[in-house]
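Peer 1: The following file, my_file-v5.txt, comprises compact mmCIF, C-alpha atoms:
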```
# COMPACT_ATOMS: atom_id res chain seq x y z
CA MET H 526 12.46 -9.13 -23.15
CA SER H 527 15.70 -9.89 -25.03
CA MET H 528 15.62 -9.81 -28.82
CA SER H 529 17.86 -11.09 -31.59
CA THR H 530 19.50 -8.56 -33.90
CA GLN H 531 16.88 -9.42 -36.54
CA ASP H 532 14.11 -8.78 -34.03
CA ILE H 533 15.69 -5.42 -33.20
CA ALA H 534 15.90 -4.56 -36.90
CA ASP H 535 12.21 -5.39 -37.27
CA LEU H 536 11.36 -3.21 -34.28
CA ALA H 537 13.45 -0.36 -35.70
CA ARG H 538 11.57 -0.58 -38.99
CA GLU H 539 8.24 -0.37 -37.15
CA ILE H 540 9.50 2.59 -35.12
CA ARG H 541 10.50 4.45 -38.29
CA LEU H 542 7.08 3.76 -39.83
CA GLN H 543 5.34 5.13 -36.74
CA ILE H 544 7.60 8.19 -36.74
CA LEU H 545 6.73 8.84 -40.37
CA HIS H 546 2.97 8.42 -39.79
CA THR H 547 3.04 10.58 -36.66
CA ILE H 548 4.99 13.49 -38.09
CA LYS H 549 3.04 13.52 -41.35
CA GLY H 550 -0.24 13.44 -39.43
CA ALA H 551 0.77 16.23 -37.04
CA GLY H 552 2.46 18.39 -39.65
CA MET H 553 5.45 18.90 -37.36
CA GLY H 554 8.38 17.08 -35.81
CA HIS H 555 12.10 16.41 -36.13
CA ILE H 556 12.23 13.47 -38.48
CA GLY H 557 15.95 13.60 -39.30
CA GLY H 558 17.07 13.25 -35.70
CA ASP H 559 14.28 10.78 -34.97
CA PHE H 560 15.54 8.46 -37.69
CA SER H 561 19.20 8.79 -36.64
CA VAL H 562 18.42 7.69 -33.07
CA THR H 563 15.92 4.94 -33.93
CA ASP H 564 18.34 2.01 -34.00
CA ILE H 565 19.79 3.03 -30.64
CA LEU H 566 16.33 3.19 -29.05
CA ALA H 567 15.28 -0.11 -30.63
CA THR H 568 18.36 -1.85 -29.25
CA LEU H 569 17.95 -0.43 -25.76
CA PHE H 570 14.22 -1.08 -25.40
CA GLY H 571 14.32 -4.34 -27.31
CA ALA H 572 17.24 -6.10 -25.68
CA VAL H 573 18.96 -4.11 -22.95
CA LEU H 574 16.85 -2.06 -20.56
CA LYS H 575 15.41 -3.63 -17.43
CA VAL H 576 11.99 -1.98 -17.60
CA ASP H 577 8.39 -3.12 -17.20
CA PRO H 578 5.67 -1.37 -19.27
CA LYS H 579 3.08 -2.55 -16.72
CA ASN H 580 5.06 -1.05 -13.84
CA PRO H 581 7.05 1.81 -15.39
CA ASN H 582 7.99 3.39 -12.05
CA LYS H 583 9.48 0.29 -10.44
CA ALA H 584 12.25 1.44 -8.12
CA ASP H 585 15.03 -0.79 -9.48
CA ARG H 586 14.27 -0.19 -13.16
CA ASP H 587 16.92 0.97 -15.60
CA ARG H 588 16.48 4.57 -16.69
CA LEU H 589 16.79 5.92 -20.23
CA ILE H 590 16.84 9.69 -20.59
CA LEU H 591 16.47 11.17 -24.06
CA SER H 592 18.38 14.40 -23.57
CA LYS H 593 17.85 15.36 -27.22
CA GLY H 594 14.19 15.87 -26.40
CA HIS H 595 13.30 17.21 -29.85
CA ALA H 596 13.45 13.55 -30.99
CA ALA H 597 10.36 12.90 -28.87
CA VAL H 598 8.45 11.14 -31.65
CA ALA H 599 11.15 8.45 -31.85
CA LEU H 600 10.85 7.89 -28.10
CA TYR H 601 7.03 7.92 -28.17
CA SER H 602 6.94 5.46 -31.06
CA THR H 603 9.34 3.13 -29.25
CA LEU H 604 7.42 3.30 -25.98
CA ALA H 605 4.11 2.66 -27.72
CA LEU H 606 5.42 -0.34 -29.64
CA ARG H 607 6.89 -1.77 -26.43
CA GLY H 608 3.54 -1.52 -24.64
CA PHE H 609 3.88 1.55 -22.43
CA PHE H 610 0.76 3.11 -23.98
CA PRO H 611 -1.49 2.36 -26.99
CA VAL H 612 0.00 2.90 -30.46
CA GLU H 613 -3.26 4.64 -31.36
CA ASP H 614 -2.28 7.49 -29.02
CA LEU H 615 0.49 8.50 -31.43
CA LYS H 616 -2.20 10.07 -33.62
CA THR H 617 -2.70 12.72 -30.92
CA PHE H 618 0.90 13.96 -31.08
CA ALA H 619 1.11 17.76 -30.71
CA GLN H 620 -2.67 18.19 -30.63
CA PRO H 621 -4.23 20.49 -27.99
CA LEU H 622 -4.26 18.83 -24.53
CA SER H 623 -2.41 15.75 -25.82
CA LYS H 624 -0.02 14.10 -23.39
CA LEU H 625 2.36 13.64 -26.33
CA ASN H 626 3.95 17.08 -26.48
CA GLY H 627 6.69 18.20 -28.82
CA HIS H 628 9.15 17.36 -26.04
CA PRO H 629 8.81 14.48 -23.56
CA ASN H 630 6.99 15.04 -20.26
CA ARG H 631 7.51 12.43 -17.53
CA ASN H 632 4.37 13.61 -15.70
CA LYS H 633 2.21 12.61 -18.65
CA VAL H 634 3.87 9.76 -20.54
CA PRO H 635 4.69 6.34 -19.02
CA GLY H 636 8.30 5.39 -19.67
CA VAL H 637 9.58 8.96 -19.96
CA GLU H 638 12.15 9.47 -17.21
CA SER H 639 12.74 13.21 -17.48
CA ASN H 640 11.29 16.29 -19.13
CA THR H 641 13.80 17.27 -21.79
CA GLY H 642 14.03 19.78 -24.60
CA PRO H 643 16.43 22.49 -23.40
CA LEU H 644 19.71 20.86 -24.38
CA GLY H 645 22.35 19.98 -21.82
CA HIS H 646 19.94 18.91 -19.07
CA GLY H 647 19.57 15.17 -19.62
CA PHE H 648 23.20 14.19 -19.02
CA PRO H 649 23.39 15.75 -15.53
CA ILE H 650 20.06 14.12 -14.64
CA ALA H 651 21.34 10.72 -15.78
CA VAL H 652 24.45 11.16 -13.65
CA GLY H 653 22.25 11.92 -10.65
CA ALA H 654 20.13 8.83 -11.34
CA ALA H 655 23.26 6.68 -11.55
CA ILE H 656 24.54 8.04 -8.24
CA GLY H 657 21.16 7.34 -6.64
CA ALA H 658 21.22 3.75 -7.87
CA GLN H 659 24.81 3.37 -6.70
CA LEU H 660 23.79 4.49 -3.20
CA ALA H 661 20.70 2.28 -3.21
CA LYS H 662 22.72 -0.70 -4.46
CA ASN H 663 19.70 -1.88 -6.45
CA GLY H 664 21.47 -2.84 -9.68
CA SER H 665 19.77 -0.13 -11.72
CA ARG H 666 21.62 1.36 -14.67
CA SER H 667 21.33 4.81 -16.16
CA PHE H 668 21.47 5.58 -19.91
CA VAL H 669 21.34 8.96 -21.61
CA ILE H 670 21.17 9.78 -25.32
CA MET H 671 22.53 13.15 -26.44
CA GLY H 672 22.84 14.85 -29.78
CA ASP H 673 26.31 15.84 -30.92
CA GLY H 674 25.37 19.51 -31.28
CA GLU H 675 24.15 19.34 -27.69
CA LEU H 676 27.72 18.77 -26.49
CA GLN H 677 28.34 22.47 -27.03
CA GLU H 678 26.51 22.96 -23.70
CA GLY H 679 28.93 23.30 -20.80
CA SER H 680 26.65 21.49 -18.35
CA ASN H 681 27.44 18.24 -20.15
CA TRP H 682 31.14 18.54 -19.41
CA GLU H 683 30.51 19.28 -15.75
CA ALA H 684 28.43 16.09 -15.64
CA ALA H 685 31.13 14.12 -17.47
CA MET H 686 33.80 15.30 -15.04
CA PHE H 687 31.73 14.38 -11.98
CA ALA H 688 30.71 10.97 -13.37
CA GLY H 689 34.35 10.14 -14.03
CA HIS H 690 35.26 11.21 -10.51
CA ARG H 691 32.55 8.96 -9.04
CA LYS H 692 33.55 6.04 -11.32
CA LEU H 693 29.92 5.36 -12.20
CA THR H 694 30.05 1.87 -13.67
CA ASN H 695 26.24 1.88 -13.96
CA LEU H 696 26.18 4.81 -16.40
CA ILE H 697 26.29 4.76 -20.21
CA ALA H 698 26.09 7.94 -22.26
CA VAL H 699 25.31 7.72 -25.97
CA VAL H 700 26.19 10.46 -28.44
CA ASP H 701 23.93 10.33 -31.50
CA ARG H 702 26.64 11.70 -33.75
CA ASN H 703 24.78 12.41 -36.96
CA GLY H 704 27.01 15.42 -37.70
CA PHE H 705 24.24 18.00 -37.91
CA GLN H 706 22.44 20.45 -35.70
CA GLN H 707 19.50 22.61 -36.62
CA GLY H 708 20.92 24.52 -39.56
CA SER H 709 24.32 23.15 -40.49
CA PRO H 710 26.99 20.55 -39.79
CA THR H 711 28.34 20.60 -36.25
CA SER H 712 31.86 20.82 -37.66
CA LYS H 713 31.06 24.28 -39.04
CA THR H 714 29.40 25.50 -35.85
CA ASN H 715 31.71 24.25 -33.11
CA GLU H 716 34.13 21.38 -33.82
CA LEU H 717 33.90 18.54 -31.29
CA ASP H 718 36.93 16.48 -32.25
CA PRO H 719 38.79 14.83 -30.70
CA LEU H 720 35.60 13.81 -28.89
CA ASP H 721 36.95 10.46 -27.72
CA LYS H 722 40.02 12.02 -26.13
CA LYS H 723 37.90 14.60 -24.32
CA PHE H 724 35.82 11.93 -22.63
CA GLU H 725 38.90 9.83 -21.85
CA SER H 726 40.46 12.83 -20.12
CA PHE H 727 37.46 12.90 -17.76
CA GLY H 728 37.92 9.24 -16.82
CA TRP H 729 35.49 7.55 -19.22
CA GLU H 730 35.65 4.38 -21.28
CA VAL H 731 35.03 5.25 -24.93
CA VAL H 732 33.44 3.07 -27.61
CA VAL H 733 33.17 4.44 -31.15
CA LEU H 734 30.86 2.46 -33.43
CA ASP H 735 28.34 2.47 -36.25
CA GLY H 736 25.15 3.64 -34.58
CA HIS H 737 23.06 1.50 -36.94
CA ASP H 738 24.93 -1.76 -36.18
CA TYR H 739 22.72 -3.67 -33.73
CA ALA H 740 25.35 -6.22 -32.73
CA ALA H 741 27.92 -3.50 -31.99
CA LEU H 742 25.36 -1.51 -29.99
CA LEU H 743 24.35 -4.59 -27.98
CA LYS H 744 27.96 -5.32 -27.11
CA ALA H 745 28.64 -1.74 -26.06
CA PHE H 746 25.52 -1.67 -23.86
CA THR H 747 26.14 -5.01 -22.14
CA ASP H 748 29.92 -5.46 -21.77
CA PRO H 749 31.21 -5.15 -18.18
CA GLN H 750 32.39 -1.67 -17.17
CA SER H 751 35.16 -0.40 -14.92
CA LYS H 752 34.29 3.26 -15.57
CA PRO H 753 31.39 5.25 -16.94
CA ARG H 754 31.13 4.49 -20.66
CA VAL H 755 30.36 6.77 -23.58
CA VAL H 756 29.20 5.25 -26.85
CA ILE H 757 29.98 7.60 -29.72
CA ALA H 758 27.46 6.34 -32.25
CA GLN H 759 28.26 7.43 -35.80
CA THR H 760 24.78 7.83 -37.27
CA THR H 761 23.10 9.25 -40.35
CA LYS H 762 20.54 12.00 -40.02
CA GLY H 763 17.37 10.81 -41.76
CA LYS H 764 18.61 7.19 -41.77
CA GLY H 765 16.45 4.89 -43.88
CA VAL H 766 15.15 7.35 -46.46
CA ASP H 767 17.66 8.28 -49.15
CA PHE H 768 16.40 11.80 -49.86
CA MET H 769 16.53 12.66 -46.13
CA GLU H 770 19.89 11.14 -45.28
CA GLY H 771 22.60 13.64 -44.37
CA LYS H 772 20.43 16.67 -45.18
CA ALA H 773 20.27 19.54 -42.66
CA GLU H 774 16.83 20.64 -43.87
CA TRP H 775 15.29 17.42 -42.57
CA HIS H 776 16.01 18.50 -39.00
CA HIS H 777 12.39 19.66 -38.82
CA LYS H 778 11.00 19.40 -42.34
CA VAL H 779 7.68 17.59 -42.84
CA PRO H 780 7.35 15.28 -45.87
CA SER H 781 4.91 16.15 -48.63
CA ALA H 782 2.32 13.58 -49.71
CA GLU H 783 4.65 12.30 -52.43
CA GLN H 784 7.66 12.18 -50.11
CA TYR H 785 5.59 10.38 -47.49
CA GLU H 786 4.64 7.64 -49.95
CA ALA H 787 8.22 7.31 -51.18
CA ALA H 788 9.52 7.08 -47.60
CA LEU H 789 6.92 4.42 -46.74
CA LEU H 790 8.17 2.28 -49.60
CA GLN H 791 11.82 2.64 -48.60
CA ILE H 792 11.27 1.91 -44.92
CA GLY H 793 8.94 -0.99 -45.68
CA LYS H 794 11.61 -2.71 -47.76
CA GLN H 795 14.28 -2.57 -45.03
```
Any chance you could put this one into structure tokens?
Peer 2:
Amino acid sequence: MSMSTQDIADLAREIRLQILHTIKGAGMGHIGGDFSVTDILATLFGAVLKVDPKNPNKADRDRLILSKGHAAVALYSTLALRGFFPVEDLKTFAQPLSKLNGHPNRNKVPGVESNTGPLGHGFPIAVGAAIGAQLAKNGSRSFVIMGDGELQEGSNWEAAMFAGHRKLTNLIAVVDRNGFQQGSPTSKTNELDPLDKKFESFGWEVVVLDGHDYAALLKAFTDPQSKPRVVIAQTTKGKGVDFMEGKAEWHHKVPSAEQYEAALLQIGKQ
């Protein structure tokens, strides 16, 4: 299943195209946060996770929990392109009775490990999964992707404290640090810095990197661990489309016909 960094880049481009098609077709979605997390998902599903699309519930699989569940279209697009379900199903996103809801549902979508949407839930679930794998001694690893605004939820810090106490070397948390939440920069809402020192104080290894650098992501996801690891991924909201990048309004804005065509051209040239 392993891919080169160029293969991962190609997968990321296809994921962004599917995100764009899906959100434009549905007339809803969270395209800014979808694009900021795309390279992380492409790296994990392309070259890191021990998962089998034909047997998605295998007991010793790795588990990826997208705690920032509003970025569901990024996860759906990744899963579809990796063979968990047909790409054609993406056209049903957010339609009545579709299995592809606005937030992921593990009871309906192969490859989804947990229902998420209410922020602050995914991290504790990932810690529980890591403890379960530790007890089972099956070699499974647990990954969780959180938004930076999500770290305002206290449940995350309870989970961080407990994971550090248990020295969960099979757990990696990723912070998609695009600097924005729904309406404004996180720095104006509730400052997170020094984020690295906060995790270190709970007994975590900390890696700060460019969240769009595939080689750096691969290294952070595969290097040996002596503690739980947090990857603080510095990302760009709306990454890949210049008029979306770093703009709070693209948290849940839908592109017009002209913007859709312009975005297609930009993503296609990457």
Peer 1: Excluding Leu606 in chain H and any residue of its chain fewer than 5 positions from it, enumerate the residues within 8 Å of it, using only C-alpha atoms, and give them as a count of residues only.
Peer 2: 3
Peer 1: Find, counting all atoms listed in the file, the residue in H:Thr641, H:Ser529, H:Gln677, H:Ser602 that gets nearest to Gln543 in chain H.
Peer 2: H:Ser602
Peer 1: Could you check the closest approach to Thr617 in chain H for each of H:Gly704, H:Gly765, H:Gly552, H:Gly771 and tell me which residue wins, using all atoms listed in the file?
Peer 2: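 Among the listed residues, H:Gly552 lies closest to Thr617 in chain H.
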Peer 1: Can you list every residue of range 561-626 of chain H that has an atom at most 7 Å from range 645-655 of chain H, with its nearest atom pair and the distance in Å to one decimal, using all atoms listed in the file, ordered by chain then number, as a tab-separated table?
Peer 2:
```
residue	atom	partner	partner_atom	distance
H:Ile590	CA	H:Gly647	CA	6.2
H:Leu591	CA	H:Gly647	CA	6.7
H:Ser592	CA	H:Gly647	CA	4.2
```
Peer 1: Take the residues just selected and output them with C-alpha atoms as a CSV table (one decimal), keeping the file's coordinate frame.
Peer 2:
```csv
chain,number,residue,atom,x,y,z
H,590,ILE,CA,16.8,9.7,-20.6
H,591,LEU,CA,16.5,11.2,-24.1
H,592,SER,CA,18.4,14.4,-23.6
```
Peer 1: If you count all atoms listed in the file, which residues fall within 7 Å of Phe609 in chain H, apart from same-chain ones fewer than 2 positions away, as a ChimeraX atom specification?
Peer 2: /H:578,604-605,607,635-636
Peer 1: I'd like to know which of H:Gln620, H:Ser751, H:Ser561, H:Gln707 is closest to Thr547 in chain H, using all atoms listed in the file.
Peer 2: H:Gln620
Peer 1: Need the shell around range 722-735 of chain H: protein/DNA/RNA residues with any atom at most 6 Å away, counting all atoms listed in the file. Skip same-chain ones fewer than 5 positions apart. Format as a count of residues only?
Peer 2: 10
Peer 1: Using all atoms listed in the file, which residue out of H:Gly674, H:Pro749, H:Pro629, H:Gly708 lies closest to Lys778 in chain H?
Peer 2: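 Using all atoms listed in the file, Lys778 in chain H sits closest to H:Gly708.
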Peer 1: Of the candidates H:Gly657, H:Gly558, H:Pro719, H:Gly550, which one gets nearest to Met671 in chain H if we count only C-alpha atoms?
Peer 2: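 So, comparing all the options, the nearest one is H:Gly558.
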Peer 1: Between H:Met528, H:Ile556, H:Leu536, H:Leu600, which has the minimum distance to Lys772 in chain H (counting only C-alpha atoms)?
Peer 2: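 Selected residue with least distance to Lys772 in chain H: H:Ile556.
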Peer 1: Could you list, as a ChimeraX atom specification, every residue within 12 Å of Gly664 in chain H, counting all atoms listed in the file and ignoring same-chain residues fewer than 3 positions away?
Peer 2: /H:574-575,584-588,654-661,667,694-696
Peer 1: Could you give me, as a VMD selection string, the residues that have an atom at most 12 Å away from the point (0.5, 13.6, -32.6) in the coordinates of the file, using only C-alpha atoms?
Peer 2: chain H and resid 543 to 554 597 to 599 601 to 602 612 to 628
Peer 1: Emit as lines of an AutoDock Vina configuration file the padded axis-aligned box for all listed atoms of range 705-718 of chain H, 5 Å per side, with centre and edge lengths in Å to one decimal.
Peer 2:
```
center_x = 28.2
center_y = 21.0
center_z = -35.9
size_x = 27.4
size_y = 19.0
size_z = 19.2
```
Peer 1: In Å, with one decimal, what is the gap from CA of His595 in chain H to CA of His555 in chain H?
Peer 2: 6.4 Å
Peer 1: At what distance in Å, to one decimal, does CA of Asn582 in chain H lie from CA of Asp673 in chain H?
Peer 2: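 One can read the CA of Asp673 in chain H to CA of Asn582 in chain H distance as 29.1 Å.
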Peer 1: Rounded to one decimal in Å, what is the spacing between CA of Val766 in chain H and CA of Gly736 in chain H?
Peer 2: 16.0 Å
Peer 1: Using all atoms listed in the file, tabulate the residues of range 699-731 of chain H lying at most 10 Å from any atom of range 761-764 of chain H, each with its closest atom pair and that distance in Å to one decimal, by chain and increasing residue number, as a tab-separated table.
Peer 2:
```
residue	atom	partner	partner_atom	distance
H:Asp701	CA	H:Thr761	CA	9.0
H:Arg702	CA	H:Thr761	CA	7.9
H:Asn703	CA	H:Thr761	CA	4.9
H:Gly704	CA	H:Lys762	CA	7.7
H:Phe705	CA	H:Lys762	CA	7.4
H:Gln706	CA	H:Lys762	CA	9.7
```
